[in-house]
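K.L.:
Structure supplied as query-v9.cif; contents: mmCIF, C-alpha atoms.
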data_query
loop_
_atom_site.label_atom_id
_atom_site.label_comp_id
_atom_site.auth_asym_id
_atom_site.auth_seq_id
_atom_site.Cartn_x
_atom_site.Cartn_y
_atom_site.Cartn_z
CA MET A 1 -17.88 12.00 -33.57
CA SER A 2 -16.88 11.53 -37.21
CA ASN A 3 -16.82 8.15 -38.95
CA LEU A 4 -13.06 8.34 -38.90
CA GLU A 5 -12.82 9.01 -35.17
CA GLU A 6 -15.25 6.15 -34.63
CA ALA A 7 -13.20 3.79 -36.85
CA VAL A 8 -10.00 4.71 -35.01
CA GLY A 9 -11.78 4.42 -31.67
CA GLN A 10 -13.05 0.91 -32.52
CA LEU A 11 -9.52 -0.51 -32.53
CA LYS A 12 -8.33 -2.39 -29.46
CA TYR A 13 -5.45 -0.58 -27.83
CA ASP A 14 -3.33 -2.10 -25.06
CA ASN A 15 -3.19 -0.84 -21.47
CA ASP A 16 -0.91 1.98 -22.58
CA GLY A 17 -3.35 3.02 -25.31
CA LEU A 18 -1.05 1.66 -28.05
CA LEU A 19 -1.12 -0.87 -30.83
CA PRO A 20 1.57 -2.01 -33.26
CA ALA A 21 1.63 -0.57 -36.77
CA VAL A 22 3.30 -2.68 -39.46
CA VAL A 23 4.55 -0.40 -42.23
CA VAL A 24 4.90 -1.98 -45.67
CA ASP A 25 6.13 -0.66 -49.01
CA HIS A 26 3.08 -0.09 -51.21
CA GLU A 27 4.97 -1.20 -54.30
CA SER A 28 7.07 -4.18 -53.17
CA GLY A 29 4.83 -5.19 -50.26
CA LYS A 30 7.95 -5.60 -48.11
CA VAL A 31 7.76 -4.94 -44.38
CA LEU A 32 9.76 -1.81 -43.63
CA MET A 33 9.27 -1.34 -39.89
CA VAL A 34 7.01 -1.86 -36.91
CA ALA A 35 6.24 1.06 -34.62
CA TYR A 36 3.44 1.99 -32.22
CA VAL A 37 0.45 4.27 -32.57
CA ASN A 38 -2.12 5.60 -30.19
CA GLN A 39 -5.38 7.18 -31.37
CA THR A 40 -3.79 10.60 -31.76
CA ALA A 41 -0.84 9.32 -33.83
CA LEU A 42 -3.14 7.27 -36.03
CA LEU A 43 -5.50 10.20 -36.64
CA GLU A 44 -2.51 12.43 -37.43
CA THR A 45 -1.21 9.77 -39.86
CA ILE A 46 -4.58 9.78 -41.63
CA ARG A 47 -5.00 13.57 -41.53
CA THR A 48 -1.54 14.39 -42.88
CA GLY A 49 -0.99 11.35 -45.11
CA LYS A 50 2.39 10.82 -43.47
CA THR A 51 3.19 8.20 -40.83
CA HIS A 52 3.17 9.40 -37.22
CA PHE A 53 3.92 7.20 -34.21
CA TRP A 54 4.30 7.21 -30.45
CA SER A 55 7.80 6.43 -29.23
CA ARG A 56 7.60 4.19 -26.17
CA SER A 57 11.25 4.81 -25.22
CA ARG A 58 11.22 8.59 -25.69
CA ARG A 59 7.58 9.02 -24.65
CA LYS A 60 6.77 11.43 -27.45
CA TYR A 61 5.14 11.63 -30.84
CA TRP A 62 7.34 11.42 -33.89
CA MET A 63 6.82 11.64 -37.61
CA LYS A 64 8.89 9.23 -39.68
CA GLY A 65 11.33 11.42 -41.61
CA GLU A 66 11.09 14.45 -39.33
CA THR A 67 14.91 14.46 -39.03
CA SER A 68 16.05 12.45 -42.03
CA GLY A 69 13.51 13.65 -44.58
CA HIS A 70 12.68 9.99 -45.22
CA VAL A 71 8.95 10.45 -44.85
CA GLN A 72 6.43 7.75 -45.65
CA GLU A 73 3.41 8.74 -47.75
CA VAL A 74 0.36 6.77 -46.70
CA LYS A 75 -1.49 4.86 -49.42
CA ALA A 76 -3.80 2.63 -47.37
CA ILE A 77 -4.49 1.51 -43.81
CA TYR A 78 -5.75 -1.95 -42.85
CA THR A 79 -6.66 -3.58 -39.57
CA ASP A 80 -6.72 -7.26 -38.66
CA CYS A 81 -9.41 -9.65 -37.47
CA ASP A 82 -8.82 -8.80 -33.81
CA ALA A 83 -8.59 -5.05 -34.56
CA ASP A 84 -5.48 -4.81 -32.39
CA THR A 85 -2.90 -4.16 -35.13
CA VAL A 86 -2.81 -1.84 -38.13
CA LEU A 87 -0.96 -2.30 -41.38
CA ILE A 88 0.03 0.89 -43.20
CA GLU A 89 0.96 0.78 -46.89
CA VAL A 90 3.30 3.61 -47.78
CA VAL A 91 5.46 5.07 -50.49
CA PRO A 92 8.79 5.40 -48.66
CA ARG A 93 10.91 8.47 -49.47
CA GLY A 94 14.28 6.98 -48.60
CA ALA A 95 15.20 4.28 -46.12
CA ALA A 96 12.87 3.18 -43.31
CA CYS A 97 15.55 2.29 -40.80
CA HIS A 98 17.45 4.84 -38.76
CA GLU A 99 20.45 2.50 -39.07
CA GLY A 100 20.52 3.28 -42.79
CA TYR A 101 18.78 0.22 -44.17
CA TYR A 102 15.75 0.10 -46.50
CA SER A 103 13.95 -2.08 -43.94
CA CYS A 104 14.47 -2.34 -40.19
CA PHE A 105 14.41 -6.14 -40.60
CA TYR A 106 17.96 -6.40 -41.88
CA ARG A 107 19.11 -9.26 -39.63
CA ARG A 108 18.24 -12.88 -40.27
CA LEU A 109 18.75 -15.83 -37.97
CA ASP A 110 21.27 -18.07 -39.71
CA GLU A 111 21.67 -21.85 -39.50
CA THR A 112 24.24 -21.55 -36.71
CA GLY A 113 21.74 -19.68 -34.52
CA ARG A 114 23.19 -16.18 -34.93
CA TRP A 115 21.67 -12.92 -36.18
CA GLN A 116 23.37 -12.00 -39.46
CA VAL A 117 23.07 -8.71 -41.32
CA VAL A 118 21.66 -9.59 -44.74
CA ALA A 119 21.13 -6.13 -46.25
CA GLU A 120 23.28 -3.21 -47.29
CA LYS A 121 23.07 0.29 -45.88
CA LEU A 122 21.59 2.90 -48.17
CA PHE A 123 23.07 5.76 -46.16
CA ASP A 124 25.40 6.53 -43.28
CA PRO A 125 23.22 7.26 -40.23
CA ASP A 126 25.81 9.59 -38.67
CA GLU A 127 25.64 11.83 -41.71
CA VAL A 128 21.86 11.98 -41.71
CA TYR A 129 21.09 12.13 -38.01
CA GLY A 130 24.27 13.18 -36.29
CA LYS A 131 25.09 10.82 -33.45
CA ASP A 132 21.58 10.03 -32.31
CA GLY A 133 18.11 10.20 -33.69
CA LYS A 134 15.40 8.33 -35.42
CA MET B 135 23.70 -21.88 -23.58
CA SER B 136 23.56 -22.54 -27.33
CA ASN B 137 23.99 -19.83 -29.97
CA LEU B 138 20.31 -20.13 -30.69
CA GLU B 139 19.22 -19.67 -27.07
CA GLU B 140 21.55 -16.70 -26.88
CA ALA B 141 20.14 -15.17 -30.10
CA VAL B 142 16.58 -15.61 -28.82
CA GLY B 143 17.59 -14.27 -25.42
CA GLN B 144 19.12 -11.14 -26.96
CA LEU B 145 15.75 -9.91 -28.17
CA LYS B 146 13.97 -7.24 -26.15
CA TYR B 147 10.74 -8.58 -24.73
CA ASP B 148 8.12 -6.38 -23.09
CA ASN B 149 7.14 -6.51 -19.40
CA ASP B 150 5.05 -9.62 -20.11
CA GLY B 151 7.99 -11.34 -21.81
CA LEU B 152 6.43 -10.93 -25.25
CA LEU B 153 7.18 -9.34 -28.57
CA PRO B 154 5.14 -9.08 -31.76
CA ALA B 155 5.81 -11.49 -34.61
CA VAL B 156 4.84 -10.36 -38.10
CA VAL B 157 4.16 -13.38 -40.28
CA VAL B 158 4.63 -12.91 -44.03
CA ASP B 159 4.12 -15.19 -47.00
CA HIS B 160 7.57 -16.30 -48.19
CA GLU B 161 6.45 -16.22 -51.80
CA SER B 162 4.26 -13.11 -52.11
CA GLY B 163 5.84 -11.20 -49.21
CA LYS B 164 2.33 -10.28 -48.03
CA VAL B 165 1.66 -9.79 -44.33
CA LEU B 166 -0.56 -12.63 -43.14
CA MET B 167 -0.93 -11.95 -39.42
CA VAL B 168 0.63 -10.48 -36.31
CA ALA B 169 0.78 -12.56 -33.14
CA TYR B 170 2.95 -12.64 -30.03
CA VAL B 171 5.86 -14.83 -29.01
CA ASN B 172 7.81 -15.28 -25.82
CA GLN B 173 11.18 -17.03 -25.73
CA THR B 174 9.59 -20.47 -25.43
CA ALA B 175 7.22 -19.96 -28.37
CA LEU B 176 10.02 -18.58 -30.53
CA LEU B 177 12.35 -21.48 -29.70
CA GLU B 178 9.53 -23.93 -30.43
CA THR B 179 8.91 -22.18 -33.77
CA ILE B 180 12.58 -22.59 -34.67
CA ARG B 181 12.83 -26.16 -33.35
CA THR B 182 9.73 -27.47 -35.14
CA GLY B 183 9.80 -25.25 -38.23
CA LYS B 184 6.14 -24.38 -37.60
CA THR B 185 4.88 -21.12 -36.11
CA HIS B 186 4.06 -21.18 -32.41
CA PHE B 187 2.74 -18.22 -30.43
CA TRP B 188 1.55 -17.11 -27.01
CA SER B 189 -2.11 -16.12 -26.88
CA ARG B 190 -2.52 -13.06 -24.66
CA SER B 191 -6.29 -13.50 -24.41
CA ARG B 192 -6.30 -17.24 -23.72
CA ARG B 193 -2.99 -17.20 -21.82
CA LYS B 194 -1.70 -20.33 -23.52
CA TYR B 195 0.65 -21.50 -26.25
CA TRP B 196 -0.81 -22.26 -29.63
CA MET B 197 0.51 -23.56 -32.91
CA LYS B 198 -0.97 -21.95 -36.00
CA GLY B 199 -2.99 -24.69 -37.68
CA GLU B 200 -3.38 -26.88 -34.61
CA THR B 201 -7.16 -26.94 -35.17
CA SER B 202 -7.54 -25.94 -38.81
CA GLY B 203 -4.55 -27.77 -40.25
CA HIS B 204 -3.47 -24.44 -41.76
CA VAL B 205 0.08 -24.66 -40.46
CA GLN B 206 2.79 -22.22 -41.45
CA GLU B 207 6.18 -23.70 -42.42
CA VAL B 208 8.98 -21.39 -41.37
CA LYS B 209 11.46 -20.35 -44.05
CA ALA B 210 13.34 -17.52 -42.30
CA ILE B 211 13.26 -15.35 -39.17
CA TYR B 212 14.38 -11.74 -39.02
CA THR B 213 14.61 -9.16 -36.26
CA ASP B 214 14.58 -5.38 -36.49
CA CYS B 215 17.03 -2.65 -35.50
CA ASP B 216 15.61 -2.39 -31.98
CA ALA B 217 15.43 -6.21 -31.63
CA ASP B 218 11.91 -5.90 -30.23
CA THR B 219 9.99 -7.44 -33.15
CA VAL B 220 10.47 -10.53 -35.27
CA LEU B 221 9.40 -11.14 -38.83
CA ILE B 222 8.74 -14.75 -39.80
CA GLU B 223 8.65 -15.78 -43.45
CA VAL B 224 6.46 -18.81 -43.97
CA VAL B 225 4.90 -21.08 -46.53
CA PRO B 226 1.25 -20.99 -45.46
CA ARG B 227 -0.75 -24.20 -45.76
CA GLY B 228 -4.17 -22.65 -46.13
CA ALA B 229 -5.52 -19.36 -44.85
CA ALA B 230 -3.84 -17.40 -42.06
CA CYS B 231 -6.97 -15.89 -40.58
CA HIS B 232 -9.37 -17.78 -38.34
CA GLU B 233 -12.14 -15.74 -39.98
CA GLY B 234 -11.41 -17.61 -43.23
CA TYR B 235 -9.30 -15.03 -45.04
CA TYR B 236 -5.84 -15.52 -46.58
CA SER B 237 -4.56 -12.61 -44.44
CA CYS B 238 -5.89 -11.26 -41.15
CA PHE B 239 -5.62 -7.75 -42.65
CA TYR B 240 -8.79 -8.01 -44.71
CA ARG B 241 -10.32 -4.66 -43.71
CA ARG B 242 -9.19 -1.36 -45.20
CA LEU B 243 -10.09 2.13 -44.04
CA ASP B 244 -12.09 3.67 -46.89
CA GLU B 245 -12.39 7.31 -47.90
CA THR B 246 -15.53 7.77 -45.80
CA GLY B 247 -13.63 6.71 -42.66
CA ARG B 248 -15.08 3.21 -42.31
CA TRP B 249 -13.43 -0.23 -42.17
CA GLN B 250 -14.39 -2.13 -45.32
CA VAL B 251 -13.81 -5.81 -45.99
CA VAL B 252 -11.64 -5.94 -49.13
CA ALA B 253 -10.91 -9.69 -49.39
CA GLU B 254 -12.88 -12.85 -49.95
CA LYS B 255 -13.11 -15.75 -47.55
CA LEU B 256 -11.26 -18.88 -48.58
CA PHE B 257 -13.25 -21.05 -46.18
CA ASP B 258 -16.17 -20.99 -43.78
CA PRO B 259 -14.76 -20.72 -40.26
CA ASP B 260 -17.72 -22.54 -38.70
CA GLU B 261 -16.94 -25.59 -40.82
CA VAL B 262 -13.27 -25.60 -39.92
CA TYR B 263 -13.36 -24.61 -36.26
CA GLY B 264 -16.88 -25.22 -35.07
CA LYS B 265 -18.26 -22.17 -33.33
CA ASP B 266 -15.08 -20.93 -31.70
CA GLY B 267 -11.40 -21.39 -32.17
CA LYS B 268 -8.30 -19.99 -33.71
#
For this file, produce the structure as structure tokens.

P.N.:
Amino acid sequence: MSNLEEAVGQLKYDNDGLLPAVVVDHESGKVLMVAYVNQTALLETIRTGKTHFWSRSRRKYWMKGETSGHVQEVKAIYTDCDADTVLIEVVPRGAACHEGYYSCFYRRLDETGRWQVVAEKLFDPDEVYGKDGK
Amino acid sequence: MSNLEEAVGQLKYDNDGLLPAVVVDHESGKVLMVAYVNQTALLETIRTGKTHFWSRSRRKYWMKGETSGHVQEVKAIYTDCDADTVLIEVVPRGAACHEGYYSCFYRRLDETGRWQVVAEKLFDPDEVYGKDGK
């Protein structure tokens, strides 16, 4: 087993073999998205230098940007004290969110207790993805 | 039901009633930690203005800083496109990590495939927590 396989194997995955990956913009430091990786997706992310995840809803692997072209180039990978989360610093090529926003965290809880959209779309998702997609 | 209870209830919790909360420094934007909230912990976070979580390992509520004094004052709460993650912007009073680091993400995967500590401790955890604690 390589060092890398050992490092990836040391992380603490949940009962489904997954852990959350927080993706941040290498330059601004802003959180772009949170998705899930298993060992295979994480190794593929490291091997290719592009973020790969496991979709819990679709039960399949996906590469960010595989449809939209908005790939994320990996600059660094961190883990936390409990080794049950990874943080991936990336250079984003385009928007992170399949809804068309730079970051998936485009809704803020306002003082009246409602989620408010606080960002502007960078693209029209229907044009990029058709009527579905990620 | 208040707007706030409705907004918190709209989020998509997992089978254990939890979702991950990414805590970032309001000023630097840096990711400090990832922990888990259920509806009660999230409402308590909003009500008190201090971060509260559910510990999966200890199966109990905890407030960040309850032992160390390193509380996190909430500035804003966001959710993502899938409404299954929250991002909490905070003003951290002290270090986020119970290991003594500013951020829990203090280990980076290096080019040889090993996790390397890349930050310096701000405090000695044994002095702050005794021999265990969070």

K.L.:
Near chain A, which residues of chain B fall within 10 Å when you count all atoms listed in the file, and what do they look like as a PyMOL selection string?

P.N.:
chain B and resi 136-142+144+154-156+158+162-169+180+210-222+231-233+235+237-252

K.L.:
The PyMOL selection byres ((chain A and resi 59-67) around 10) - which residues does that actually catch in the file I just gave you? List them as a PyMOL selection string.

P.N.:
chain A and resi 35-38+40-41+44-45+50-58+68-73+92-98+128-130+133-134

K.L.:
Around all the atoms of range 39-49 of chain A listed in the file, draw an axis-aligned box and extend it by 3 Å on each of the six sides; I want its centre and edge lengths in Å to one decimal, as lines of an AutoDock Vina configuration file.

P.N.:
center_x = -3.2
center_y = 10.8
center_z = -38.2
size_x = 10.7
size_y = 13.2
size_z = 19.7

K.L.:
Please provide the set of residues having any atom within 8 Å of Lys255 in chain B, restricted to all atoms listed in the file, with same-chain residues fewer than 2 positions apart removed, written as a ChimeraX atom specification.

P.N.:
/B:233-236,253,257-258

K.L.:
Could you check how far CA of Tyr13 in chain A sits from CA of Gln39 in chain A, in Å to one decimal?

P.N.:
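Computed distance, CA of Tyr13 in chain A to CA of Gln39 in chain A, equals 8.5 Å.
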
K.L.:
To one decimal place, how far is CA of Lys209 in chain B from CA of Asp159 in chain B in Å?

P.N.:
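Here the two named atoms are 9.4 Å from each other.
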